[in-house]
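Peer 1: Input structure: query.cif, which contains mmCIF, C-alpha atoms.
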data_run
loop_
_atom_site.label_atom_id
_atom_site.label_comp_id
_atom_site.auth_asym_id
_atom_site.auth_seq_id
_atom_site.Cartn_x
_atom_site.Cartn_y
_atom_site.Cartn_z
CA MET A 1 22.13 -4.07 3.86
CA VAL A 2 20.33 -3.64 0.56
CA HIS A 3 17.86 -1.03 -0.61
CA VAL A 4 14.56 -1.41 -2.38
CA MET A 5 12.49 1.36 -3.97
CA VAL A 6 8.72 1.21 -4.28
CA LYS A 7 7.12 3.66 -6.70
CA VAL A 8 3.38 4.25 -6.32
CA LYS A 9 1.00 6.19 -8.52
CA PHE A 10 -2.73 6.85 -8.19
CA PRO A 11 -5.24 9.54 -9.24
CA GLN A 12 -5.53 12.68 -7.13
CA HIS A 13 -9.23 12.09 -6.50
CA LYS A 14 -8.29 8.87 -4.64
CA VAL A 15 -6.20 10.59 -1.94
CA GLU A 16 -8.96 10.44 0.68
CA GLU A 17 -9.69 6.77 -0.02
CA SER A 18 -5.98 5.93 0.17
CA LEU A 19 -5.51 7.83 3.40
CA LYS A 20 -8.54 6.18 5.04
CA PHE A 21 -7.21 2.74 4.16
CA TYR A 22 -3.70 3.64 5.39
CA LEU A 23 -5.03 4.93 8.71
CA SER A 24 -7.29 1.88 9.16
CA GLY A 25 -4.26 -0.34 9.78
CA LYS A 26 -5.73 -3.08 7.53
CA ALA A 27 -2.68 -3.37 5.28
CA PRO A 28 -0.22 -6.14 6.21
CA LYS A 29 2.58 -5.02 8.52
CA TYR A 30 6.25 -5.03 7.58
CA PRO A 31 8.50 -7.52 9.34
CA ASP A 32 10.93 -6.02 11.87
CA TYR A 33 13.89 -6.29 9.48
CA VAL A 34 12.24 -4.05 6.82
CA LYS A 35 12.95 -0.40 7.56
CA ARG A 36 11.54 2.46 5.49
CA ILE A 37 14.25 5.11 5.43
CA HIS A 38 12.70 7.64 3.02
CA GLN A 39 9.29 8.51 1.66
CA TRP A 40 8.62 11.32 -0.80
CA PHE A 41 5.34 12.55 -2.26
CA VAL A 42 4.85 14.37 -5.54
CA SER A 43 1.54 15.96 -6.44
CA ASP A 44 1.23 16.06 -10.20
CA TYR A 45 -1.54 14.92 -12.51
CA ASN A 46 -1.36 11.83 -10.27
CA ILE A 47 -0.12 11.40 -6.74
CA LYS A 48 3.29 9.76 -6.81
CA LEU A 49 5.07 8.22 -3.85
CA TYR A 50 8.68 7.11 -3.72
CA ASN A 51 9.61 4.85 -0.81
CA ILE A 52 13.11 3.60 0.00
CA TYR A 53 13.49 0.56 2.25
CA GLU A 54 16.56 -0.96 3.83
CA LEU A 55 16.77 -4.65 4.66
CA PRO A 56 19.41 -7.33 5.23
CA GLU A 57 20.80 -8.85 2.04
CA ASP A 58 19.93 -12.38 3.15
CA LYS A 59 16.27 -11.32 3.54
CA LEU A 60 15.92 -9.57 0.17
CA TYR A 61 13.56 -12.09 -1.43
CA GLU A 62 11.26 -12.46 1.57
CA GLY A 63 11.42 -8.73 2.32
CA MET A 64 10.35 -7.84 -1.21
CA LYS A 65 7.46 -10.30 -0.94
CA ARG A 66 6.32 -8.73 2.32
CA ILE A 67 6.62 -5.20 0.93
CA GLY A 68 4.61 -6.37 -2.10
CA ASP A 69 1.94 -7.81 0.19
CA ARG A 70 1.51 -4.43 1.85
CA PHE A 71 1.30 -2.42 -1.37
CA SER A 72 -0.97 -5.01 -3.01
CA ALA A 73 -3.54 -4.32 -0.30
CA TYR A 74 -4.26 -1.00 -2.04
CA ALA A 75 -4.66 -2.59 -5.49
CA ALA A 76 -8.47 -2.55 -5.38
CA MET A 77 -8.34 1.24 -5.52
CA GLU A 78 -9.09 2.50 -9.04
CA GLY A 79 -5.97 3.66 -10.89
CA TYR A 80 -3.52 2.43 -8.21
CA LYS A 81 -0.20 1.10 -9.50
CA PHE A 82 3.06 0.22 -7.80
CA LYS A 83 6.46 -1.12 -8.78
CA ILE A 84 9.16 -2.63 -6.56
CA GLU A 85 12.77 -2.21 -7.64
CA PRO A 86 15.87 -3.52 -5.86
CA LEU A 87 18.64 -0.90 -5.96
CA ILE A 88 22.41 -1.15 -6.18
CA GLU A 89 24.88 1.61 -5.33
CA GLY A 90 26.98 2.91 -8.20
CA SER A 91 30.22 1.97 -6.44
CA GLU A 92 28.99 -1.64 -6.04
CA LEU A 93 28.15 -1.83 -9.74
CA ILE A 94 31.58 -0.51 -10.73
CA GLU A 95 33.29 -2.96 -8.38
CA SER A 96 31.37 -5.90 -9.88
CA TYR A 97 32.74 -5.01 -13.34
CA ARG A 98 36.32 -4.85 -12.05
CA LYS A 99 36.26 -8.50 -10.98
#
Would you mind writing the file out in structure tokens?

Peer 2:
Amino acid sequence: MVHVMVKVKFPQHKVEESLKFYLSGKAPKYPDYVKRIHQWFVSDYNIKLYNIYELPEDKLYEGMKRIGDRFSAYAAMEGYKFKIEPLIEGSELIESYRK
């Protein structure tokens, strides 16, 4: 399994609009193999969301595309930004340098 982080940021005054869209169910669904394992919210000058997903290594490319499709559905909202980052565990990184 591999992990992917999606960082989202949007203005505080867009919370209601974002929530309405989320609850509408109009955003593309995740495939069964994409599992969100964590989601954190930070209320600052902007709203920030940190999402961690777990998916099979052989589905990384397609999984990231599908995650991107879902988050792109919010892109029409003023000030909305997101970034998808594949993650690697520190022990895996160290092991790759030992080879």

Peer 1: For A:Tyr53, find every residue with an atom within 7 Å (counting all atoms listed in the file), except residues of its own chain fewer than 3 positions away, and show them as a PyMOL selection string.

Peer 2: chain A and resi 3-5+34-37

Peer 1: Report the distance between atom CA of A:Lys65 and atom CA of A:Ile84 in Å, rounded to one decimal place.

Peer 2: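 Computing the Euclidean distance for atom CA of A:Lys65 and atom CA of A:Ile84 yields 9.7 Å.
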
Peer 1: Do you know which residues are at most 9 Å from stretch 39-48 of chain A counting all atoms listed in the file, after dropping those on the same chain fewer than 6 positions away, and could you put them as a list of chain:residue names?

Peer 2: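 Listed by chain and then number, they are A:Lys7, A:Val8, A:Lys9, A:Phe10, A:Pro11, A:Gln12, A:His13, A:Lys14, A:Val15.
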
Peer 1: Given the file shown, enumerate the residues that the PyMOL selection byres ((chain A and resi 18-33) around 8) captures and present them as a VMD selection string.

Peer 2: chain A and resid 14 to 17 34 to 35 55 to 56 63 66 to 67 69 to 71 73 to 74 77

Peer 1: Pick out the closest residue to A:Glu57 from this set: A:Ala75, A:Phe82, A:Arg98, A:Met1. Count all atoms listed in the file.

Peer 2: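 Among the listed residues, the smallest separation from A:Glu57 belongs to A:Met1.
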
Peer 1: If you measure from atom CA of A:Lys83 to atom CA of A:Gly68, what distance in Å do you get, rounded to one decimal?

Peer 2: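 It comes out at 8.7 Å.
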
Peer 1: Edge lengths and centre, in Å to one decimal, as AutoDock Vina command-line options: that's what I need for the box along x, y and z that holds all listed atoms of stretch 53-61 of chain A plus 4 Å on each side.

Peer 2:
--center_x 17.1 --center_y -5.9 --center_z 1.9 --size_x 15.3 --size_y 20.9 --size_z 14.7

Peer 1: Could you tell me which of A:Tyr61, A:Ala76, A:Glu54, A:His38 comes closest to A:Ile88 if we count all atoms listed in the file?

Peer 2: A:Glu54

Peer 1: What is the atom CA of A:Tyr80 to atom CA of A:Asn51 distance in Å?

Peer 2: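 Those two atoms sit 15.3 Å apart.
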
Peer 1: Identify which of the residues A:Ile52, A:Tyr97, A:Ser72, A:Lys59 lies closest to A:Glu85, counting all atoms listed in the file when measuring atom-to-atom distances.

Peer 2: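 Checking each of A:Ile52, A:Tyr97, A:Ser72, A:Lys59 against A:Glu85, counting all atoms listed in the file, the winner is A:Ile52.
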